[in-house]
>>> print(open('coords32.txt').read())   # compact mmCIF, C-alpha atoms
# COMPACT_ATOMS: atom_id res chain seq x y z
CA MET A 1 156.30 130.78 62.07
CA GLY A 2 156.36 134.04 63.68
CA PHE A 3 156.70 136.28 66.68
CA THR A 4 157.31 139.99 66.90
CA THR A 5 153.74 140.33 67.28
CA ARG A 6 151.37 138.75 69.42
CA THR A 7 148.13 140.03 68.18
CA ASN A 8 145.28 138.20 69.73
CA GLY A 9 142.26 138.02 67.58
CA GLN A 10 141.25 134.91 65.76
CA GLY A 11 138.97 134.65 62.81
CA GLY A 12 137.28 131.73 61.23
CA ILE A 13 134.03 130.02 60.37
CA ARG A 14 132.38 127.76 62.93
CA ALA A 15 129.45 125.56 61.85
CA GLY A 16 126.47 127.86 61.84
CA ALA A 17 128.20 131.08 62.91
CA VAL A 18 130.51 133.50 61.15
CA VAL A 19 132.94 135.27 63.43
CA VAL A 20 134.78 138.25 62.05
CA ALA A 21 138.07 138.88 63.88
CA ALA A 22 141.16 140.54 62.45
CA ALA A 23 140.54 142.85 59.54
CA VAL A 24 143.24 141.47 57.33
CA ALA A 25 143.79 142.05 53.65
CA VAL A 26 144.78 138.72 52.23
CA ALA A 27 146.58 138.96 48.95
CA GLY A 28 146.13 135.37 47.87
CA THR A 29 147.41 131.93 48.67
CA ALA A 30 150.75 131.21 50.29
CA TRP A 31 154.09 130.56 48.78
CA GLY A 32 154.56 126.97 47.64
CA VAL A 33 156.87 124.83 49.69
CA THR A 34 158.75 123.58 46.69
CA ALA A 35 159.69 127.16 45.87
CA LEU A 36 160.74 128.49 49.27
CA VAL A 37 163.23 131.16 48.28
CA GLU A 38 164.61 134.29 49.81
CA LEU A 39 162.98 137.43 48.41
CA GLY A 40 164.40 140.12 50.64
CA HIS A 41 161.17 141.19 52.41
CA GLY A 42 159.95 138.09 54.21
CA ARG A 43 157.15 136.65 52.13
CA GLN A 44 155.98 139.87 50.62
CA GLY A 45 156.37 140.60 46.96
CA GLN A 46 155.86 137.00 45.91
CA GLY A 47 153.60 136.88 42.93
CA ASN A 48 155.04 134.88 40.06
CA ALA A 49 153.87 131.51 38.90
CA ALA A 50 156.27 129.69 41.14
CA LEU A 51 155.48 131.66 44.28
CA ARG A 52 151.88 132.42 45.01
CA THR A 53 151.32 135.49 47.11
CA GLY A 54 151.33 135.04 50.87
CA GLY A 55 148.92 136.67 53.30
CA GLY A 56 149.26 140.32 54.11
CA GLY A 57 150.19 142.09 57.29
CA ALA A 58 149.01 141.36 60.78
CA GLY A 59 145.46 141.75 61.89
CA THR A 60 143.95 144.79 63.48
CA ASP A 61 144.18 145.33 67.19
CA ASP A 62 141.51 146.61 69.57
CA GLY A 63 143.89 148.33 71.94
CA ALA A 64 146.84 146.01 72.09
CA THR A 65 150.04 147.15 73.68
CA ALA A 66 153.45 147.85 72.24
CA GLY A 67 154.55 145.88 69.24
CA GLU A 68 151.19 144.37 68.43
CA GLY A 69 149.06 145.04 65.39
CA LYS A 70 151.29 144.38 62.42
CA ASP A 71 154.13 142.10 61.47
CA ASP A 72 156.45 141.79 58.49
CA GLY A 73 153.91 140.18 56.21
CA SER A 74 154.97 136.65 56.92
CA HIS A 75 152.77 136.23 59.97
CA ARG A 76 149.38 137.73 60.33
CA GLY A 77 148.69 138.33 63.98
CA GLU A 78 145.54 138.11 65.98
CA GLY A 79 142.92 140.78 65.67
CA GLU A 80 142.07 141.50 69.27
CA ASP A 81 143.92 141.60 72.54
CA ASP A 82 142.57 139.86 75.63
CA GLY A 83 145.29 141.21 77.88
CA SER A 84 147.64 138.28 77.54
CA HIS A 85 149.40 139.50 74.40
CA ARG A 86 149.19 136.15 72.74
CA GLY A 87 149.83 135.78 69.04
CA GLY A 88 149.59 133.24 66.31
CA GLY A 89 145.89 132.82 65.84
CA ARG A 90 142.93 134.63 64.35
CA ASP A 91 139.83 132.63 65.12
CA ASP A 92 137.29 133.10 67.86
CA GLY A 93 138.23 130.56 70.51
CA SER A 94 141.79 130.42 71.76
CA LYS A 95 140.70 128.52 74.85
CA GLY A 96 138.44 125.98 73.20
CA GLY A 97 137.52 122.61 74.61
CA ALA A 98 138.18 119.06 73.50
CA ALA A 99 138.09 118.64 69.76
CA GLN A 100 135.34 116.83 67.97
CA GLY A 101 133.51 117.01 64.68
CA ALA A 102 135.59 117.89 61.62
CA GLY A 103 138.67 115.78 61.15
CA GLY A 104 137.60 112.77 63.18
CA SER A 105 136.46 111.74 66.64
CA PRO A 106 137.70 113.57 69.74
CA HIS A 107 141.29 112.89 70.74
CA ALA A 108 141.41 112.34 74.49
CA GLY A 109 142.98 115.18 76.41
CA ILE A 110 143.87 117.51 73.52
CA PRO A 111 142.02 120.85 73.71
CA ASP A 112 141.46 122.80 70.51
CA GLY A 113 142.36 126.11 72.14
CA ILE A 114 145.52 127.79 70.86
CA ALA A 115 148.44 127.08 73.20
CA HIS A 116 150.96 129.67 74.32
CA ALA A 117 151.87 128.61 77.87
CA SER A 118 154.78 126.35 78.77
CA GLU A 119 154.45 122.88 80.25
CA SER A 120 157.30 123.82 82.57
CA GLY A 121 155.34 126.73 84.03
CA GLY A 122 156.99 129.53 85.92
CA ASN A 123 159.18 131.71 83.74
CA ALA A 124 160.03 128.97 81.24
CA VAL A 125 160.36 129.92 77.58
CA ASN A 126 159.23 127.84 74.58
CA ILE A 127 161.54 127.98 71.57
CA THR A 128 159.75 127.19 68.31
CA ILE A 129 161.35 126.85 64.87
CA ASP A 130 159.30 127.17 61.66
CA ASP A 131 159.38 126.34 57.95
CA GLY A 132 161.99 123.59 57.84
CA PRO A 133 163.59 121.29 57.78
CA ASP A 134 166.30 122.85 55.66
CA PRO A 135 169.52 120.96 54.83
CA GLN A 136 171.71 124.01 55.36
CA TRP A 137 170.14 125.71 58.37
CA THR A 138 168.39 123.04 60.43
CA PRO A 139 171.69 121.35 61.38
CA LYS A 140 173.09 124.72 62.49
CA VAL A 141 169.99 125.42 64.59
CA LEU A 142 170.26 121.95 66.12
CA ALA A 143 173.90 122.62 67.00
CA VAL A 144 173.01 125.84 68.83
CA LEU A 145 170.21 124.13 70.74
CA LYS A 146 172.58 121.34 71.75
CA LYS A 147 175.19 123.86 72.90
CA TYR A 148 172.73 125.20 75.50
CA ASP A 149 170.95 121.90 76.16
CA VAL A 150 167.67 123.41 74.97
CA LYS A 151 164.75 121.48 73.51
CA ALA A 152 162.57 123.15 70.88
CA THR A 153 159.43 122.55 68.86
CA PHE A 154 160.00 122.30 65.10
CA CYS A 155 157.02 123.35 62.99
CA MET A 156 157.66 121.59 59.70
CA ILE A 157 156.17 121.98 56.25
CA GLY A 158 155.08 118.59 54.96
CA PRO A 159 156.98 118.41 51.64
CA GLN A 160 160.12 119.77 53.32
CA ALA A 161 159.97 116.92 55.83
CA LYS A 162 159.34 114.40 53.07
CA ALA A 163 162.35 115.72 51.14
CA HIS A 164 164.66 115.60 54.18
CA PRO A 165 163.70 112.62 56.37
CA ASP A 166 167.23 112.45 57.76
CA LEU A 167 166.77 115.88 59.32
CA VAL A 168 163.38 115.00 60.76
CA LYS A 169 164.95 111.94 62.36
CA ARG A 170 167.77 114.08 63.78
CA VAL A 171 165.27 116.48 65.30
CA VAL A 172 163.39 113.63 66.98
CA ALA A 173 166.57 111.86 68.11
CA ALA A 174 167.74 115.05 69.83
CA GLY A 175 164.58 115.13 71.94
CA HIS A 176 162.78 117.96 70.20
CA ARG A 177 159.07 117.90 69.35
CA LEU A 178 157.32 117.99 65.99
CA CYS A 179 154.67 120.43 64.84
CA ASP A 180 152.54 120.39 61.66
CA HIS A 181 152.89 123.62 59.63
CA THR A 182 150.70 122.35 56.75
CA ALA A 183 151.57 121.13 53.29
CA ASP A 184 151.74 124.40 51.37
CA HIS A 185 152.03 127.16 53.98
CA ASP A 186 148.91 128.85 52.67
CA THR A 187 148.41 131.92 54.87
CA ALA A 188 144.95 132.39 53.36
CA MET A 189 143.75 128.90 54.23
CA ASP A 190 141.33 130.31 56.79
CA LYS A 191 139.35 131.61 53.81
CA LYS A 192 139.26 128.19 52.14
CA PRO A 193 136.75 125.33 52.51
CA VAL A 194 137.03 123.06 55.52
CA ALA A 195 137.92 120.12 53.29
CA TYR A 196 140.91 122.08 51.97
CA GLN A 197 142.06 122.95 55.49
CA GLU A 198 141.75 119.33 56.55
CA LYS A 199 143.82 118.10 53.62
CA GLN A 200 146.54 120.69 54.25
CA ILE A 201 146.80 119.66 57.88
CA LEU A 202 146.50 115.90 57.62
CA ASP A 203 148.64 115.50 54.50
CA ALA A 204 151.47 117.36 56.24
CA LYS A 205 151.04 115.34 59.42
CA LYS A 206 151.45 112.10 57.47
CA MET A 207 154.51 113.37 55.59
CA ILE A 208 156.22 114.48 58.81
CA GLU A 209 155.45 111.29 60.71
CA ASP A 210 156.47 109.10 57.78
CA ALA A 211 159.75 111.01 57.56
CA ALA A 212 160.35 110.72 61.30
CA GLY A 213 159.66 106.99 61.42
CA GLY A 214 159.86 104.96 64.60
CA GLY A 215 156.34 105.85 65.66
CA ALA A 216 157.20 109.50 66.31
CA LYS A 217 154.11 111.69 66.48
CA VAL A 218 153.37 115.26 65.50
CA GLU A 219 152.19 116.88 68.71
CA TYR A 220 151.22 120.41 67.63
CA TYR A 221 149.67 122.28 64.72
CA ARG A 222 150.62 125.85 63.83
CA ALA A 223 148.54 127.57 61.16
CA PRO A 224 150.57 129.46 58.55
CA GLY A 225 150.53 133.13 59.45
CA GLY A 226 148.22 132.38 62.36
CA ALA A 227 145.39 131.56 59.95
CA PHE A 228 143.53 129.36 62.42
CA THR A 229 139.82 128.68 62.19
CA PRO A 230 137.58 126.84 64.64
CA ASP A 231 137.44 124.00 62.12
CA SER A 232 141.20 123.78 61.64
CA ARG A 233 141.71 123.78 65.38
CA ARG A 234 139.20 120.97 65.82
CA ILE A 235 140.76 118.98 62.98
CA ALA A 236 144.19 119.32 64.54
CA ALA A 237 143.10 118.45 68.08
CA ALA A 238 140.97 115.53 66.89
CA ASN A 239 144.15 114.13 65.37
CA GLY A 240 146.28 114.58 68.47
CA MET A 241 147.82 117.97 67.67
CA ARG A 242 147.46 120.98 69.95
CA PRO A 243 147.00 124.26 68.06
CA LEU A 244 150.10 126.34 68.76
CA GLY A 245 150.40 130.11 68.72
CA TRP A 246 153.25 132.45 69.61
CA ASN A 247 153.89 135.45 71.83
CA VAL A 248 157.11 136.82 70.37
CA ASP A 249 157.61 137.07 66.62
CA THR A 250 161.30 137.77 66.19
CA LYS A 251 160.69 138.73 62.55
CA ASP A 252 163.85 136.87 61.72
CA PHE A 253 162.26 135.80 58.43
CA GLY A 254 162.84 139.30 57.07
CA LYS A 255 166.51 139.31 58.13
CA PRO A 256 166.36 142.58 60.11
CA GLY A 257 169.82 141.99 61.59
CA VAL A 258 171.03 139.89 64.51
CA ALA A 259 170.65 142.71 67.03
CA ALA A 260 167.05 143.37 65.99
CA ILE A 261 166.14 139.71 66.37
CA VAL A 262 167.75 139.48 69.81
CA ASN A 263 166.15 142.73 70.95
CA ALA A 264 162.74 141.57 69.81
CA VAL A 265 163.00 138.69 72.26
CA LYS A 266 164.34 140.80 75.11
CA ASN A 267 161.72 143.50 74.64
CA GLU A 268 158.72 141.29 74.02
CA ILE A 269 159.22 138.19 76.15
CA ARG A 270 157.02 139.88 78.74
CA ASN A 271 154.13 139.22 76.37
CA GLY A 272 154.38 135.48 76.91
CA PRO A 273 156.71 132.49 76.73
CA THR A 274 156.49 131.18 73.16
CA VAL A 275 159.10 132.57 70.77
CA LEU A 276 159.18 132.10 67.01
CA PHE A 277 162.30 131.58 64.89
CA HIS A 278 162.78 130.09 61.40
CA ASP A 279 165.11 127.47 59.97
CA GLY A 280 163.60 127.53 56.47
CA GLY A 281 162.56 129.94 53.75
CA GLY A 282 165.92 131.50 52.93
CA ASN A 283 169.27 132.43 54.42
CA ARG A 284 168.96 131.92 58.17
CA ALA A 285 172.47 132.96 59.18
CA GLN A 286 171.09 135.84 61.24
CA THR A 287 168.67 133.48 62.96
CA VAL A 288 171.41 131.05 63.93
CA GLU A 289 173.57 133.79 65.48
CA ALA A 290 170.61 135.48 67.16
CA LEU A 291 169.38 132.18 68.59
CA ASP A 292 172.81 131.62 70.12
CA GLN A 293 172.72 135.06 71.75
CA VAL A 294 169.12 134.67 72.92
CA LEU A 295 169.78 131.31 74.56
CA ALA A 296 172.88 132.70 76.28
CA TRP A 297 170.80 135.63 77.56
CA LEU A 298 168.01 133.36 78.81
CA LYS A 299 170.60 131.33 80.69
CA GLN A 300 171.99 134.50 82.27
CA GLN A 301 168.47 135.47 83.27
CA GLY A 302 167.92 132.10 84.90
CA ARG A 303 165.03 131.31 82.58
CA PRO A 304 164.59 127.64 81.70
CA THR A 305 163.13 126.43 78.44
CA GLY A 306 160.40 123.92 77.81
CA PHE A 307 157.65 122.78 75.50
CA PRO A 308 154.25 124.38 74.92
CA VAL A 309 151.30 122.90 76.78
CA ARG A 310 149.46 120.09 75.00
CA THR A 311 146.72 118.90 77.31
CA ALA A 312 146.42 121.74 79.81
CA PRO A 313 144.27 124.83 79.24
CA ASP A 314 146.31 127.78 78.04
CA ALA A 315 147.16 130.16 80.86
CA SER A 316 149.82 132.42 79.36
>>> encode(input="coords32.txt", output="structure tokens")
Amino acid sequence: MGFTTRTNGQGGIRAGAVVVAAAVAVAGTAWGVTALVELGHGRQGQGNAALRTGGGGAGTDDGATAGEGKDDGSHRGEGEDDGSHRGGGRDDGSKGGAAQGAGGSPHAGIPDGIAHASESGGNAVNITIDDGPDPQWTPKVLAVLKKYDVKATFCMIGPQAKAHPDLVKRVVAAGHRLCDHTADHDTAMDKKPVAYQEKQILDAKKMIEDAAGGGAKVEYYRAPGGAFTPDSRRIAAANGMRPLGWNVDTKDFGKPGVAAIVNAVKNEIRNGPTVLFHDGGGNRAQTVEALDQVLAWLKQQGRPTGFPVRTAPDAS
């Protein structure tokens, strides 16, 4: 998920070295997929037995520019800024090399660095859609994408995909790409053992690919709330999935209003090409309308859309 914030620090534990990045207060584990409900303030305020508390606000920033530093609680941003204003990751190596070690043998050509750039290069924009599939909102999002002939990357939660295989198949049939968003959307998973991270990632990958059928593959991995670690990135890349960040968090999850979502894109697209929207986790009516307006605006600006890089080093 996520965009309004492209904070750029990454935190995690690499074998033999502890790297402290974003100073983030994590309130507990993430909300369970089976209880994805609308609570009025993104994922904050979730604390009952059915909804475990999600991670807190975005990570600290060492001098980041406008808009960076904090998000709405649903996406913790990166802790430091390297000048590229990239978001969606909090470990220590956004431009890592080929994956190996945890999670299996190296997967040829898939770096474990967090991707933000577009395969299409130039001024192309990557549209990414998180937390689905959802039977009410995913079809509406697909309709808007079709209207503008835009392809997107859908970051799916494993049990959601398992529950709605028809929607996963529709996404694939329309030419969009699949992304693993874990099994339980635990925004504190970077604080958990490596074995736990591996299970969250690989269980979701299997659920999504089983739902898609036809040999469709999950091509990316996005950590919930940007909670990447060096281990989770290696696990993903070793299994053919490029870690995927974001540059623009529209904060649509918190339903700030259509205009606010659209303006977030217009004001922050200079930070990089990968934009985050949501098709799950609650009422996404604002997202659907804002996406329509954003795609119309991108067309007016002469900006094409594309997919995030998978095998190339990140250059955004």
>>> atom_distance(input="coords32.txt", atom1="CA of Asp203 (chain A)", atom2="CA of Pro135 (chain A)")
21.6 Å
>>> atom_distance(input="coords32.txt", atom1="CA of Pro273 (chain A)", atom2="CA of Asn126 (chain A)")
5.7 Å
>>> closest_residue(input="coords32.txt", among="A:Met207, A:Ala115, A:Leu291, A:Thr138", to="Ala259 (chain A)", atoms="all atoms listed in the file")
A:Leu291
>>> atom_distance(input="coords32.txt", atom1="CA of Ala183 (chain A)", atom2="CA of Val275 (chain A)")
22.2 Å
>>> residues_near_point(input="coords32.txt", point="(140.4, 118.6, 57.2)", cutoff="10 Å", atoms="all atoms listed in the file", output="ChimeraX atom specification")
/A:102-104,193-203,231-236
>>> residues_around(input="coords32.txt", residues="Ile127 (chain A)", least_positions_apart="5", cutoff="8 Å", atoms="only C-alpha atoms", output="ChimeraX atom specification")
/A:151-153,274-277,305-307
>>> closest_residue(input="coords32.txt", among="A:Tyr148, A:Asp180, A:Asp134, A:Ala211", to="Asp166 (chain A)", atoms="only C-alpha atoms")
A:Ala211
>>> residues_around(input="coords32.txt", residues="Leu178 (chain A)", least_positions_apart="2", cutoff="9 Å", atoms="all atoms listed in the file", output="ChimeraX atom specification")
/A:152-156,168,171-172,176,180,208-209,216-221
>>> closest_residue(input="coords32.txt", among="A:Gly215, A:Gly109, A:Pro133, A:Gly225", to="Met189 (chain A)", atoms="all atoms listed in the file")
A:Gly225
>>> residues_around(input="coords32.txt", residues="Gln136 (chain A)", least_positions_apart="3", cutoff="12 Å", atoms="all atoms listed in the file", output="ChimeraX atom specification")
/A:132-133,139-143,164,167,279-285,288
>>> closest_residue(input="coords32.txt", among="A:Asn247, A:Gly254, A:Pro159, A:Asp210", to="Asn267 (chain A)", atoms="all atoms listed in the file")
A:Asn247
>>> residues_around(input="coords32.txt", residues="region 297-301 of chain A", least_positions_apart="2", cutoff="12 Å", atoms="all atoms listed in the file", output="list in words")
Asn123, Ala124, Val125, Asn126, Ile127, Lys147, Tyr148, Asp149, Val150, Val262, Asn263, Val265, Lys266, Ile269, Pro273, Ala290, Leu291, Asp292, Gln293, Val294, Leu295, Arg303, Pro304 and Thr305 of chain A
